[in-house]
Amino acid sequence: MTIVDTPERRQLRELTRTFVTREVLPYLDDWERAGEVPRELHATAAKLGLLGIGFPESVGGSGGNLLDSIVVTEEIIRSGGSSGLIAALFTHGIALPHMVASGNVDLIDRYVRPTLAGTMIGALAITEPDGGSDVAAIRTHARRDGDHYVVNGSKTYITSGLRADFVTTAVCTDFPGSGELSLLVIEKGWPGFTVGRRLEKLGWHCSDTAELSFVDVRVPVTNRIGPEDTGFLAIMQHFAAERLSLATQAYATAQRCVELATRWCRDRSTFGRPLASRQLVRHRLAELHTRAEAARVYVHEVAARVAAGEPVVTEVAMAKNVAVAACDHVVDAALQLHGGFGYLRDAEVERHYRDARILGIGGGTTEIMNEIIAKGMGL
């Protein structure tokens, strides 16, 4: 029995599997084509306790820790869901932790509890049109004006940006690009806050993505998360959980694609024999299974260390890159094994092939992870 394979977590897996089978699979293709998941799905997941996994009961969550969240993420994909579904349904996993960590009871009551109850949707807005991974260079500016901030700037690639009721927004509270950042909670509908066009993407089709614009938006100082100019540290502190979530999505996608390819190769016959009867195909499947399993084991080991409070920044970066590399290799090979059918929208492996490409970009690119690893090596 591994650290993520306990009786309680096996029950959590079963609950997650049932949720996916009943509430997701019959509708996922429709959501892919619509470009978003319905708000009702959040409420359903909340009633089952899945939406609040990893958040303490004291703030409206279901309890558990990072490892429990990993179990849910893994099982959603292994049961036929997708990383795009994870992005759409669990965006609060990056929108809420800063508020919870601050201990601000007012913000927790107004935003955290309703979100974990499935009645609100939150998003995180960091990336800007003229800057990606360089968080310190954020230019969206917040000028203090009495008991408000006046915010001007723009954000892009914002997951759940179209549906979100509020956005945890990184702003510069000194001169633009100074690195002096704060986090403000900005509500949809406030004057000057505009949600722009829906961004069409290669993958993650059921996860809506948008551009955001702020023109003289007045945000109460009470909507600031933590002290002024502590936003950069807050963002960095919560990157580990986000990166491990993406790593989990990567190895789980790889595992699912191995399962799909194995099933296809057993059922598909060419020249009078099942594909799986050929040594080349069997060995290819064995190699893919090995890569996916090796990534899973390493991500679990690093996640357990993070959950125990160890400062393993380098190892988190390595876990993400190892899992993403495994996923990239496996989804490509799995689609190839499906032949022409794998290229059709009717094939689940086709969706995973598209969805996988973002995993080496989101939460810090593969190149940024390599830079973190190099620094950990003393280079």
# chains A, B, ... in the order shown; residues from 1 in each chain; ligands from 1
$ residues_around --residues "Val171 in chain A" --least-positions-apart "4" --cutoff "9 Å" --atoms "only C-alpha atoms" --output "JSON, numbers by chain"
{"A": [126, 138, 139, 140, 141, 142, 151, 152, 153, 176, 180, 181, 182, 183, 184, 231]}
$ residues_around --residues "Leu212 in chain A" --least-positions-apart "3" --cutoff "10 Å" --atoms "only C-alpha atoms" --output "list in words"
Ala125, Glu128, Gly153, Ser154, Lys155, Thr156, Tyr157, Ile158, Gly161, Leu162, Val167, Phe193, Thr194, Val195, Gly196, Arg197 and Thr209 of chain A
$ write_last_selection --atoms "C-alpha atoms" --output "CSV table (one decimal), in the first residue's frame"
chain,number,residue,atom,x,y,z
A,125,ALA,CA,-5.3,36.4,-13.2
A,128,GLU,CA,-0.5,39.6,-19.2
A,153,GLY,CA,-4.3,47.0,-17.0
A,154,SER,CA,-5.1,43.8,-18.7
A,155,LYS,CA,-4.7,40.0,-18.3
A,156,THR,CA,-4.8,37.2,-20.8
A,157,TYR,CA,-5.1,33.4,-21.0
A,158,ILE,CA,-7.3,33.5,-17.9
A,161,GLY,CA,-12.3,34.0,-17.2
A,162,LEU,CA,-15.7,34.0,-18.9
A,167,VAL,CA,-10.9,37.1,-10.1
A,193,PHE,CA,-13.9,45.6,-15.4
A,194,THR,CA,-14.5,44.0,-18.8
A,195,VAL,CA,-14.3,40.4,-19.8
A,196,GLY,CA,-13.1,40.3,-23.4
A,197,ARG,CA,-13.3,37.7,-26.1
A,209,THR,CA,-10.4,31.1,-21.4
$ atom_distance --atom1 "CA of Glu228 in chain A" --atom2 "CA of Ser160 in chain A"
26.1 Å
$ select_by_dssp --residues "range 3-221 of chain A" --states "strand (DSSP E or B)" --output "number ranges by chain"
A: 53, 63, 122-125, 128, 131, 141-145, 148-159, 166-172, 181-187, 193-198, 209-220
